[in-house]
Amino acid sequence: MTTAPPPLLAQNILAQPDALRAVRAHHFSNDREALVRAADLLRASKRIILTGMGASLFGCAPLSVFFAGRGVVAEVVETAELLHFATAPLDESTVVVVVSRSGESVEAVKLLPVLRQRRTKVIGVTNVPRSTVARGATVAVLLGSPADEFAAIQTYAATVATLLLLGAACFLDLYGGVKAEFDQAIEALAAWVPECMRWSGGWPSFFATSAPVYVLGRGASLAACSMGALLMHEVAKAPAVGMSAGQFRHGPVEAVNEQFRAVVLGTQSATREIDRALAEDLLRIGANVRWIGPAMEGSPVQALYAWPDVPERFAPLAEIVPLQIAAYRTAEWRGLPLGKARFAALVTDSETGFAAASQTA
């Protein structure tokens, strides 16, 4: 008896280690000069802005945190906001890193001529070599990732990895310790992702309810907070909230009741103890809580799954995986067709209107 292959969405989740191997080969062999040239532009600039929409925007957070740790401000600005409200200060001393996996997102396409007019340098980070973003950039940095069938899964991991490698090219030995850390992360994920997928069959009691899930974290983990919420919306058609763990204490905690669910990300060593305290505080006041990160000895908070041996620099590549799987499983448990959008286009090429008919991946 032939076993049916898993849905394409699940295949994309499981294929991420191989996708990251392709990204590694691209940046360290096929197109290694692009990162170096982009890093030269960044080092020579007086102002850096990182911009994207959706998954491309969220993938900028780890790079912004990396730069901040080295005394460089790299502001993350949604491309729609940058386009309509924040181009006036841009000039020839600014570098804008425009991130778009398709290279054709409407806001990015509209922003490029404005940046040219203001003589602003552009680093285009995209997965499509001849796309508008790639052709319009001062330097194009290609992801080198296999394409996704629907939601940003492999290309999201590729975006995060590529941006972190770009940051490393600015300040560190890209071809020494950073490459070794990246290799370690990929090989750890190769074993961990399928294990996590198998284990997730026991998650329905937490995720398969009507209450929105809150994803809470800090620093580089804000990428997974926002991306996890996006995947719940996009894949599972379910409400979700991605939020800073610090901001959550300033009022949103009042939403906690017996139906409240939170996933707390504790992968950042600088804030792990207060993230643990938040998770345990939420459990104490009646919330249903799960933890993603290194094991917390003696904590009553249950982990979604045991954390892999991933260097902290590349933790964003791992912490998104349980959230990807949770969105996939939630869609399954709700009986939804996987890989179909009701209103959103695979590439958002208009700032008005929504798709009228369902679209298949």
# chains A, B, ... in the order shown; residues from 1 in each chain; ligands from 1

call {"tool": "closest_atom_pairs", "arguments": {"of": "segment 155-242 of chain A", "to": "segment 267-277 of chain A", "cutoff": "12 Å", "atoms": "only C-alpha atoms", "output": "CSV"}}
result
residue,atom,partner,partner_atom,distance
A:Val215,CA,A:Asp275,CA,11.9
A:Leu216,CA,A:Asp275,CA,8.7
A:Gly217,CA,A:Asp275,CA,7.4
A:Arg218,CA,A:Gln268,CA,7.4
A:Gly219,CA,A:Gln268,CA,7.3
A:Ala220,CA,A:Gln268,CA,7.5
A:Ser221,CA,A:Thr267,CA,7.3
A:Leu222,CA,A:Gln268,CA,10.5
A:Ala224,CA,A:Thr267,CA,10.9

call {"tool": "select_by_dssp", "arguments": {"residues": "segment 157-217 of chain A", "states": "strand (DSSP E)", "output": "PyMOL selection string"}}
result
chain A and resi 213-217

call {"tool": "residues_around", "arguments": {"residues": "Gly228 of chain A", "least_positions_apart": "5", "cutoff": "8 Å", "atoms": "only C-alpha atoms", "output": "list in words"}}
result
Val215, Gly242, Ile320, Leu323, Gln324 and Ala327 of chain A

call {"tool": "atom_distance", "arguments": {"atom1": "atom CA of Gly335 of chain A", "atom2": "atom CA of Leu14 of chain A"}}
result
21.0 Å

call {"tool": "residues_around", "arguments": {"residues": "Ala88 of chain A", "least_positions_apart": "4", "cutoff": "12 Å", "atoms": "only C-alpha atoms", "output": "ChimeraX atom specification"}}
result
/A:82-84,94,114-115,117-120

call {"tool": "write_last_selection", "arguments": {"atoms": "N, CA, C and O atoms", "output": "PDB file, in the first residue's frame"}}
result
ATOM      1  N   LEU A  82       7.048  53.511   5.038  1.00  0.00           N
ATOM      2  CA  LEU A  82       8.189  54.234   4.488  1.00  0.00           C
ATOM      3  C   LEU A  82       7.795  54.960   3.210  1.00  0.00           C
ATOM      4  O   LEU A  82       8.108  56.142   3.018  1.00  0.00           O
ATOM      5  N   LEU A  83       7.085  54.277   2.338  1.00  0.00           N
ATOM      6  CA  LEU A  83       6.672  54.830   1.053  1.00  0.00           C
ATOM      7  C   LEU A  83       5.793  56.062   1.212  1.00  0.00           C
ATOM      8  O   LEU A  83       6.017  57.097   0.573  1.00  0.00           O
ATOM      9  N   HIS A  84       4.798  55.986   2.071  1.00  0.00           N
ATOM     10  CA  HIS A  84       3.784  57.038   2.136  1.00  0.00           C
ATOM     11  C   HIS A  84       4.079  58.137   3.155  1.00  0.00           C
ATOM     12  O   HIS A  84       3.524  59.229   3.055  1.00  0.00           O
ATOM     13  N   THR A  94      22.057  57.576   3.028  1.00  0.00           N
ATOM     14  CA  THR A  94      21.219  56.500   3.568  1.00  0.00           C
ATOM     15  C   THR A  94      21.316  55.258   2.686  1.00  0.00           C
ATOM     16  O   THR A  94      21.370  55.350   1.460  1.00  0.00           O
ATOM     17  N   VAL A 114      11.275  56.324  -5.949  1.00  0.00           N
ATOM     18  CA  VAL A 114      11.407  57.393  -4.957  1.00  0.00           C
ATOM     19  C   VAL A 114      12.825  57.398  -4.398  1.00  0.00           C
ATOM     20  O   VAL A 114      13.451  58.462  -4.238  1.00  0.00           O
ATOM     21  N   LEU A 115      13.362  56.227  -4.111  1.00  0.00           N
ATOM     22  CA  LEU A 115      14.719  56.133  -3.580  1.00  0.00           C
ATOM     23  C   LEU A 115      15.742  56.589  -4.625  1.00  0.00           C
ATOM     24  O   LEU A 115      16.732  57.257  -4.281  1.00  0.00           O
ATOM     25  N   GLN A 117      15.210  58.826  -6.943  1.00  0.00           N
ATOM     26  CA  GLN A 117      15.085  60.283  -7.009  1.00  0.00           C
ATOM     27  C   GLN A 117      15.841  60.960  -5.873  1.00  0.00           C
ATOM     28  O   GLN A 117      16.419  62.037  -6.042  1.00  0.00           O
ATOM     29  N   ARG A 118      15.858  60.303  -4.701  1.00  0.00           N
ATOM     30  CA  ARG A 118      16.524  60.882  -3.538  1.00  0.00           C
ATOM     31  C   ARG A 118      17.981  60.432  -3.442  1.00  0.00           C
ATOM     32  O   ARG A 118      18.649  60.695  -2.449  1.00  0.00           O
ATOM     33  N   ARG A 119      18.451  59.728  -4.464  1.00  0.00           N
ATOM     34  CA  ARG A 119      19.853  59.251  -4.548  1.00  0.00           C
ATOM     35  C   ARG A 119      20.225  58.366  -3.363  1.00  0.00           C
ATOM     36  O   ARG A 119      21.367  58.344  -2.901  1.00  0.00           O
ATOM     37  N   THR A 120      19.236  57.647  -2.885  1.00  0.00           N
ATOM     38  CA  THR A 120      19.440  56.721  -1.765  1.00  0.00           C
ATOM     39  C   THR A 120      19.903  55.374  -2.301  1.00  0.00           C
ATOM     40  O   THR A 120      19.337  54.849  -3.258  1.00  0.00           O
TER      41      THR A 120
END

call {"tool": "closest_atom_pairs", "arguments": {"of": "segment 173-237 of chain A", "to": "segment 23-39 of chain A", "cutoff": "12 Å", "atoms": "only C-alpha atoms", "output": "Markdown table"}}
result
| residue | atom | partner | partner_atom | distance |
| --- | --- | --- | --- | --- |
| A:Asp173 | CA | A:Val36 | CA | 11.3 |
| A:Leu174 | CA | A:Phe28 | CA | 9.0 |
| A:Tyr175 | CA | A:Phe28 | CA | 7.6 |
| A:Gly176 | CA | A:Phe28 | CA | 11.0 |
| A:Val178 | CA | A:Phe28 | CA | 11.3 |
| A:Lys179 | CA | A:Arg24 | CA | 8.4 |
| A:Ala180 | CA | A:Arg24 | CA | 10.9 |
| A:Glu181 | CA | A:Arg24 | CA | 11.5 |
| A:Phe182 | CA | A:Arg24 | CA | 8.1 |
| A:Asp183 | CA | A:Arg24 | CA | 8.2 |
| A:Gln184 | CA | A:Arg24 | CA | 11.8 |
| A:Ala185 | CA | A:Arg24 | CA | 11.3 |
| A:Ile186 | CA | A:Arg24 | CA | 9.3 |
| A:Glu187 | CA | A:Arg24 | CA | 12.0 |

call {"tool": "write_last_selection", "arguments": {"atoms": "all heavy atoms", "output": "short mmCIF file (atom, residue, chain, number, x, y, z; two decimals), in the first residue's frame"}}
result
data_model
loop_
_atom_site.label_atom_id
_atom_site.label_comp_id
_atom_site.auth_asym_id
_atom_site.auth_seq_id
_atom_site.Cartn_x
_atom_site.Cartn_y
_atom_site.Cartn_z
N ASP A 173 34.11 37.64 10.97
CA ASP A 173 34.76 36.76 10.00
C ASP A 173 33.68 35.85 9.41
O ASP A 173 33.36 34.80 9.96
CB ASP A 173 35.85 35.93 10.69
CG ASP A 173 36.51 34.95 9.73
OD1 ASP A 173 36.24 35.01 8.52
OD2 ASP A 173 37.30 34.11 10.21
N LEU A 174 33.12 36.31 8.29
CA LEU A 174 31.99 35.59 7.69
C LEU A 174 32.36 34.16 7.32
O LEU A 174 31.54 33.25 7.43
CB LEU A 174 31.53 36.34 6.43
CG LEU A 174 30.35 35.76 5.65
CD1 LEU A 174 29.11 35.71 6.52
CD2 LEU A 174 30.08 36.60 4.41
N TYR A 175 33.59 33.94 6.90
CA TYR A 175 33.98 32.63 6.40
C TYR A 175 34.71 31.80 7.44
O TYR A 175 35.30 30.77 7.14
CB TYR A 175 34.82 32.81 5.13
CG TYR A 175 34.06 33.55 4.08
CD1 TYR A 175 34.30 34.90 3.84
CD2 TYR A 175 33.04 32.93 3.37
CE1 TYR A 175 33.57 35.60 2.90
CE2 TYR A 175 32.30 33.62 2.42
CZ TYR A 175 32.57 34.96 2.19
OH TYR A 175 31.82 35.64 1.27
N GLY A 176 34.65 32.24 8.71
CA GLY A 176 35.26 31.49 9.80
C GLY A 176 34.21 31.03 10.78
O GLY A 176 33.42 30.11 10.51
N VAL A 178 31.39 32.33 11.87
CA VAL A 178 29.98 32.47 11.53
C VAL A 178 29.53 31.31 10.64
O VAL A 178 28.45 30.75 10.83
CB VAL A 178 29.70 33.82 10.85
CG1 VAL A 178 28.25 33.90 10.37
CG2 VAL A 178 29.99 34.97 11.82
N LYS A 179 30.33 30.96 9.67
CA LYS A 179 29.98 29.83 8.80
C LYS A 179 29.88 28.55 9.62
O LYS A 179 28.96 27.73 9.40
CB LYS A 179 31.01 29.66 7.69
CG LYS A 179 30.66 28.52 6.72
CD LYS A 179 31.69 28.43 5.59
CE LYS A 179 31.26 27.36 4.59
NZ LYS A 179 31.26 26.01 5.20
N ALA A 180 30.78 28.35 10.57
CA ALA A 180 30.73 27.16 11.41
C ALA A 180 29.44 27.13 12.24
O ALA A 180 28.81 26.08 12.39
CB ALA A 180 31.95 27.11 12.33
N GLU A 181 29.03 28.28 12.76
CA GLU A 181 27.78 28.36 13.51
C GLU A 181 26.59 28.05 12.61
O GLU A 181 25.65 27.35 13.02
CB GLU A 181 27.61 29.75 14.12
CG GLU A 181 28.51 30.04 15.30
CD GLU A 181 28.18 31.38 15.94
OE1 GLU A 181 27.19 32.02 15.51
OE2 GLU A 181 28.90 31.78 16.86
N PHE A 182 26.60 28.59 11.40
CA PHE A 182 25.52 28.34 10.45
C PHE A 182 25.44 26.86 10.11
O PHE A 182 24.36 26.26 10.09
CB PHE A 182 25.74 29.19 9.20
CG PHE A 182 24.57 29.24 8.25
CD1 PHE A 182 23.26 29.14 8.69
CD2 PHE A 182 24.80 29.40 6.89
CE1 PHE A 182 22.19 29.20 7.80
CE2 PHE A 182 23.74 29.46 5.98
CZ PHE A 182 22.44 29.35 6.44
N ASP A 183 26.59 26.24 9.86
CA ASP A 183 26.63 24.80 9.59
C ASP A 183 26.04 24.02 10.76
O ASP A 183 25.26 23.07 10.57
CB ASP A 183 28.06 24.34 9.35
CG ASP A 183 28.63 24.85 8.03
OD1 ASP A 183 27.84 25.29 7.18
OD2 ASP A 183 29.86 24.79 7.86
N GLN A 184 26.42 24.39 11.99
CA GLN A 184 25.90 23.71 13.17
C GLN A 184 24.39 23.84 13.26
O GLN A 184 23.68 22.86 13.56
CB GLN A 184 26.54 24.29 14.44
CG GLN A 184 26.06 23.64 15.73
CD GLN A 184 26.62 24.31 16.96
OE1 GLN A 184 27.63 25.02 16.90
NE2 GLN A 184 25.98 24.10 18.10
N ALA A 185 23.88 25.03 12.98
CA ALA A 185 22.43 25.25 13.04
C ALA A 185 21.70 24.40 12.02
O ALA A 185 20.67 23.77 12.32
CB ALA A 185 22.12 26.73 12.83
N ILE A 186 22.22 24.34 10.80
CA ILE A 186 21.56 23.57 9.74
C ILE A 186 21.51 22.09 10.12
O ILE A 186 20.45 21.43 9.98
CB ILE A 186 22.29 23.76 8.41
CG1 ILE A 186 22.13 25.20 7.91
CG2 ILE A 186 21.76 22.78 7.36
CD1 ILE A 186 23.00 25.54 6.71
N GLU A 187 22.61 21.56 10.59
CA GLU A 187 22.64 20.12 10.91
C GLU A 187 21.77 19.81 12.12
O GLU A 187 21.14 18.74 12.18
CB GLU A 187 24.08 19.67 11.13
CG GLU A 187 24.95 19.80 9.87
CD GLU A 187 24.25 19.32 8.61
OE1 GLU A 187 23.75 18.18 8.59
OE2 GLU A 187 24.19 20.09 7.63
#

call {"tool": "closest_atom_pairs", "arguments": {"of": "segment 50-129 of chain A", "to": "segment 147-152 of chain A", "cutoff": "12 Å", "atoms": "only C-alpha atoms", "output": "Markdown table"}}
result
| residue | atom | partner | partner_atom | distance |
| --- | --- | --- | --- | --- |
| A:Met53 | CA | A:Ala152 | CA | 11.7 |
| A:Gly54 | CA | A:Ala152 | CA | 9.2 |
| A:Ala55 | CA | A:Ala152 | CA | 6.6 |
| A:Ser56 | CA | A:Ala152 | CA | 8.8 |
| A:Leu57 | CA | A:Ala152 | CA | 11.8 |
| A:Phe58 | CA | A:Ala152 | CA | 11.2 |
| A:Gly59 | CA | A:Ala152 | CA | 10.7 |
| A:Ser100 | CA | A:Ala152 | CA | 11.0 |
| A:Arg101 | CA | A:Ala152 | CA | 8.5 |
| A:Ser102 | CA | A:Ala147 | CA | 9.4 |
| A:Thr126 | CA | A:Ala147 | CA | 11.2 |
| A:Asn127 | CA | A:Ala147 | CA | 7.9 |
| A:Val128 | CA | A:Ala147 | CA | 9.3 |

call {"tool": "residues_around", "arguments": {"residues": "Ala279 of chain A", "least_positions_apart": "3", "cutoff": "9 Å", "atoms": "only C-alpha atoms", "output": "PDB file with N, CA, C and O atoms, in the first residue's frame"}}
result
ATOM      1  N   ALA A 262      -0.769  31.326  25.523  1.00  0.00           N
ATOM      2  CA  ALA A 262       0.429  32.074  25.165  1.00  0.00           C
ATOM      3  C   ALA A 262       1.585  31.121  24.900  1.00  0.00           C
ATOM      4  O   ALA A 262       1.756  30.126  25.611  1.00  0.00           O
ATOM      5  N   VAL A 263       2.356  31.447  23.870  1.00  0.00           N
ATOM      6  CA  VAL A 263       3.639  30.799  23.623  1.00  0.00           C
ATOM      7  C   VAL A 263       4.706  31.838  23.923  1.00  0.00           C
ATOM      8  O   VAL A 263       4.713  32.919  23.327  1.00  0.00           O
ATOM      9  N   VAL A 264       5.580  31.536  24.866  1.00  0.00           N
ATOM     10  CA  VAL A 264       6.641  32.458  25.256  1.00  0.00           C
ATOM     11  C   VAL A 264       7.954  31.966  24.671  1.00  0.00           C
ATOM     12  O   VAL A 264       8.340  30.805  24.857  1.00  0.00           O
ATOM     13  N   ILE A 274      13.747  36.836  32.675  1.00  0.00           N
ATOM     14  CA  ILE A 274      12.477  37.560  32.788  1.00  0.00           C
ATOM     15  C   ILE A 274      11.428  36.965  31.848  1.00  0.00           C
ATOM     16  O   ILE A 274      10.225  37.049  32.122  1.00  0.00           O
ATOM     17  N   ASP A 275      11.875  36.342  30.755  1.00  0.00           N
ATOM     18  CA  ASP A 275      10.920  35.626  29.902  1.00  0.00           C
ATOM     19  C   ASP A 275      10.368  34.403  30.643  1.00  0.00           C
ATOM     20  O   ASP A 275       9.163  34.109  30.575  1.00  0.00           O
ATOM     21  N   ARG A 276      11.245  33.708  31.359  1.00  0.00           N
ATOM     22  CA  ARG A 276      10.787  32.586  32.182  1.00  0.00           C
ATOM     23  C   ARG A 276       9.806  33.076  33.246  1.00  0.00           C
ATOM     24  O   ARG A 276       8.757  32.446  33.489  1.00  0.00           O
ATOM     25  N   LEU A 282       2.198  33.898  34.026  1.00  0.00           N
ATOM     26  CA  LEU A 282       0.969  33.637  33.267  1.00  0.00           C
ATOM     27  C   LEU A 282       0.330  32.325  33.697  1.00  0.00           C
ATOM     28  O   LEU A 282      -0.902  32.236  33.851  1.00  0.00           O
ATOM     29  N   LEU A 283       1.147  31.304  33.898  1.00  0.00           N
ATOM     30  CA  LEU A 283       0.619  30.026  34.367  1.00  0.00           C
ATOM     31  C   LEU A 283      -0.041  30.191  35.724  1.00  0.00           C
ATOM     32  O   LEU A 283      -1.126  29.647  35.980  1.00  0.00           O
ATOM     33  N   ARG A 284       0.563  30.983  36.581  1.00  0.00           N
ATOM     34  CA  ARG A 284       0.066  31.180  37.948  1.00  0.00           C
ATOM     35  C   ARG A 284      -1.289  31.890  37.953  1.00  0.00           C
ATOM     36  O   ARG A 284      -2.126  31.635  38.831  1.00  0.00           O
ATOM     37  N   VAL A 289       0.045  27.993  28.942  1.00  0.00           N
ATOM     38  CA  VAL A 289       1.313  28.534  28.458  1.00  0.00           C
ATOM     39  C   VAL A 289       2.219  27.419  27.939  1.00  0.00           C
ATOM     40  O   VAL A 289       2.261  26.333  28.509  1.00  0.00           O
ATOM     41  N   ARG A 290       2.936  27.712  26.857  1.00  0.00           N
ATOM     42  CA  ARG A 290       3.975  26.832  26.349  1.00  0.00           C
ATOM     43  C   ARG A 290       5.255  27.642  26.139  1.00  0.00           C
ATOM     44  O   ARG A 290       5.212  28.842  25.911  1.00  0.00           O
ATOM     45  N   TRP A 291       6.390  26.959  26.209  1.00  0.00           N
ATOM     46  CA  TRP A 291       7.705  27.584  26.145  1.00  0.00           C
ATOM     47  C   TRP A 291       8.447  27.102  24.916  1.00  0.00           C
ATOM     48  O   TRP A 291       8.406  25.921  24.568  1.00  0.00           O
ATOM     49  N   VAL A 301       6.270  25.310  33.631  1.00  0.00           N
ATOM     50  CA  VAL A 301       5.799  25.609  32.277  1.00  0.00           C
ATOM     51  C   VAL A 301       6.272  24.526  31.312  1.00  0.00           C
ATOM     52  O   VAL A 301       7.450  24.176  31.278  1.00  0.00           O
TER      53      VAL A 301
END

call {"tool": "select_by_dssp", "arguments": {"residues": "segment 250-346 of chain A", "states": "alpha helix (DSSP H)", "output": "PDB file with N, CA and C atoms, in the first residue's frame"}}
result
ATOM      1  N   ARG A 272      16.379  35.843  29.166  1.00  0.00           N
ATOM      2  CA  ARG A 272      15.744  34.539  29.398  1.00  0.00           C
ATOM      3  C   ARG A 272      15.098  34.445  30.778  1.00  0.00           C
ATOM      4  N   GLU A 273      15.726  34.999  31.784  1.00  0.00           N
ATOM      5  CA  GLU A 273      15.165  34.878  33.134  1.00  0.00           C
ATOM      6  C   GLU A 273      13.851  35.645  33.271  1.00  0.00           C
ATOM      7  N   ILE A 274      13.747  36.836  32.675  1.00  0.00           N
ATOM      8  CA  ILE A 274      12.477  37.560  32.788  1.00  0.00           C
ATOM      9  C   ILE A 274      11.428  36.965  31.848  1.00  0.00           C
ATOM     10  N   ASP A 275      11.875  36.342  30.755  1.00  0.00           N
ATOM     11  CA  ASP A 275      10.920  35.626  29.902  1.00  0.00           C
ATOM     12  C   ASP A 275      10.368  34.403  30.643  1.00  0.00           C
ATOM     13  N   ARG A 276      11.245  33.708  31.359  1.00  0.00           N
ATOM     14  CA  ARG A 276      10.787  32.586  32.182  1.00  0.00           C
ATOM     15  C   ARG A 276       9.806  33.076  33.246  1.00  0.00           C
ATOM     16  N   ALA A 277      10.132  34.211  33.875  1.00  0.00           N
ATOM     17  CA  ALA A 277       9.241  34.754  34.901  1.00  0.00           C
ATOM     18  C   ALA A 277       7.870  35.070  34.316  1.00  0.00           C
ATOM     19  N   LEU A 278       7.835  35.617  33.094  1.00  0.00           N
ATOM     20  CA  LEU A 278       6.546  35.915  32.450  1.00  0.00           C
ATOM     21  C   LEU A 278       5.752  34.638  32.229  1.00  0.00           C
ATOM     22  N   ALA A 279       6.407  33.607  31.687  1.00  0.00           N
ATOM     23  CA  ALA A 279       5.707  32.351  31.436  1.00  0.00           C
ATOM     24  C   ALA A 279       5.131  31.776  32.724  1.00  0.00           C
ATOM     25  N   GLU A 280       5.926  31.800  33.792  1.00  0.00           N
ATOM     26  CA  GLU A 280       5.453  31.241  35.060  1.00  0.00           C
ATOM     27  C   GLU A 280       4.388  32.125  35.702  1.00  0.00           C
ATOM     28  N   ASP A 281       4.510  33.437  35.550  1.00  0.00           N
ATOM     29  CA  ASP A 281       3.470  34.339  36.055  1.00  0.00           C
ATOM     30  C   ASP A 281       2.136  34.082  35.349  1.00  0.00           C
ATOM     31  N   LEU A 282       2.198  33.898  34.026  1.00  0.00           N
ATOM     32  CA  LEU A 282       0.969  33.637  33.267  1.00  0.00           C
ATOM     33  C   LEU A 282       0.330  32.325  33.697  1.00  0.00           C
ATOM     34  N   LEU A 283       1.147  31.304  33.898  1.00  0.00           N
ATOM     35  CA  LEU A 283       0.619  30.026  34.367  1.00  0.00           C
ATOM     36  C   LEU A 283      -0.041  30.191  35.724  1.00  0.00           C
ATOM     37  N   ARG A 284       0.563  30.983  36.581  1.00  0.00           N
ATOM     38  CA  ARG A 284       0.066  31.180  37.948  1.00  0.00           C
ATOM     39  C   ARG A 284      -1.289  31.890  37.953  1.00  0.00           C
ATOM     40  N   ALA A 315      19.265  31.214  16.424  1.00  0.00           N
ATOM     41  CA  ALA A 315      18.045  30.749  17.097  1.00  0.00           C
ATOM     42  C   ALA A 315      16.776  31.128  16.343  1.00  0.00           C
ATOM     43  N   PRO A 316      16.705  32.305  15.660  1.00  0.00           N
ATOM     44  CA  PRO A 316      15.483  32.616  14.912  1.00  0.00           C
ATOM     45  C   PRO A 316      15.114  31.587  13.853  1.00  0.00           C
ATOM     46  N   LEU A 317      16.093  30.811  13.368  1.00  0.00           N
ATOM     47  CA  LEU A 317      15.785  29.772  12.380  1.00  0.00           C
ATOM     48  C   LEU A 317      15.065  28.592  13.017  1.00  0.00           C
ATOM     49  N   ALA A 318      15.286  28.375  14.312  1.00  0.00           N
ATOM     50  CA  ALA A 318      14.673  27.246  15.002  1.00  0.00           C
ATOM     51  C   ALA A 318      13.362  27.627  15.660  1.00  0.00           C
ATOM     52  N   GLU A 319      13.304  28.790  16.298  1.00  0.00           N
ATOM     53  CA  GLU A 319      12.126  29.093  17.112  1.00  0.00           C
ATOM     54  C   GLU A 319      10.859  29.279  16.282  1.00  0.00           C
ATOM     55  N   VAL A 321      10.023  27.257  13.820  1.00  0.00           N
ATOM     56  CA  VAL A 321       9.568  25.949  13.332  1.00  0.00           C
ATOM     57  C   VAL A 321       8.345  25.426  14.092  1.00  0.00           C
ATOM     58  N   PRO A 322       8.330  25.401  15.438  1.00  0.00           N
ATOM     59  CA  PRO A 322       7.114  24.926  16.119  1.00  0.00           C
ATOM     60  C   PRO A 322       5.883  25.776  15.798  1.00  0.00           C
ATOM     61  N   LEU A 323       6.090  27.060  15.519  1.00  0.00           N
ATOM     62  CA  LEU A 323       4.959  27.932  15.179  1.00  0.00           C
ATOM     63  C   LEU A 323       4.466  27.649  13.762  1.00  0.00           C
ATOM     64  N   GLN A 324       5.375  27.329  12.849  1.00  0.00           N
ATOM     65  CA  GLN A 324       4.957  26.894  11.513  1.00  0.00           C
ATOM     66  C   GLN A 324       4.118  25.624  11.602  1.00  0.00           C
ATOM     67  N   ILE A 325       4.621  24.676  12.379  1.00  0.00           N
ATOM     68  CA  ILE A 325       3.923  23.399  12.521  1.00  0.00           C
ATOM     69  C   ILE A 325       2.589  23.594  13.222  1.00  0.00           C
ATOM     70  N   ALA A 326       2.547  24.476  14.211  1.00  0.00           N
ATOM     71  CA  ALA A 326       1.288  24.740  14.918  1.00  0.00           C
ATOM     72  C   ALA A 326       0.229  25.287  13.967  1.00  0.00           C
ATOM     73  N   ALA A 327       0.632  26.191  13.071  1.00  0.00           N
ATOM     74  CA  ALA A 327      -0.326  26.733  12.098  1.00  0.00           C
ATOM     75  C   ALA A 327      -0.813  25.639  11.156  1.00  0.00           C
ATOM     76  N   TYR A 328       0.110  24.805  10.719  1.00  0.00           N
ATOM     77  CA  TYR A 328      -0.243  23.687   9.833  1.00  0.00           C
ATOM     78  C   TYR A 328      -1.186  22.708  10.537  1.00  0.00           C
ATOM     79  N   ARG A 329      -0.869  22.313  11.771  1.00  0.00           N
ATOM     80  CA  ARG A 329      -1.712  21.378  12.506  1.00  0.00           C
ATOM     81  C   ARG A 329      -3.082  21.981  12.810  1.00  0.00           C
ATOM     82  N   THR A 330      -3.107  23.269  13.146  1.00  0.00           N
ATOM     83  CA  THR A 330      -4.385  23.916  13.447  1.00  0.00           C
ATOM     84  C   THR A 330      -5.291  23.902  12.227  1.00  0.00           C
ATOM     85  N   ALA A 331      -4.729  24.158  11.064  1.00  0.00           N
ATOM     86  CA  ALA A 331      -5.522  24.085   9.830  1.00  0.00           C
ATOM     87  C   ALA A 331      -6.052  22.674   9.613  1.00  0.00           C
ATOM     88  N   GLU A 332      -5.199  21.678   9.866  1.00  0.00           N
ATOM     89  CA  GLU A 332      -5.635  20.278   9.754  1.00  0.00           C
ATOM     90  C   GLU A 332      -6.781  19.981  10.692  1.00  0.00           C
ATOM     91  N   TRP A 333      -6.626  20.341  11.960  1.00  0.00           N
ATOM     92  CA  TRP A 333      -7.638  20.037  12.962  1.00  0.00           C
ATOM     93  C   TRP A 333      -8.944  20.761  12.693  1.00  0.00           C
TER      94      TRP A 333
END

call {"tool": "residues_around", "arguments": {"residues": "Ala134 of chain A", "least_positions_apart": "3", "cutoff": "10 Å", "atoms": "only C-alpha atoms", "output": "ChimeraX atom specification"}}
result
/A:98-100,102-104,122-131,137-142

call {"tool": "closest_residue", "arguments": {"among": "A:Ala10, A:Ala344, A:Leu143, A:Val106", "to": "Ala161 of chain A", "atoms": "only C-alpha atoms"}}
result
A:Leu143

call {"tool": "atom_distance", "arguments": {"atom1": "atom CA of Glu254 of chain A", "atom2": "atom CA of Ser205 of chain A"}}
result
23.1 Å

call {"tool": "atom_distance", "arguments": {"atom1": "atom CA of Pro294 of chain A", "atom2": "atom CA of Ala190 of chain A"}}
result
17.9 Å
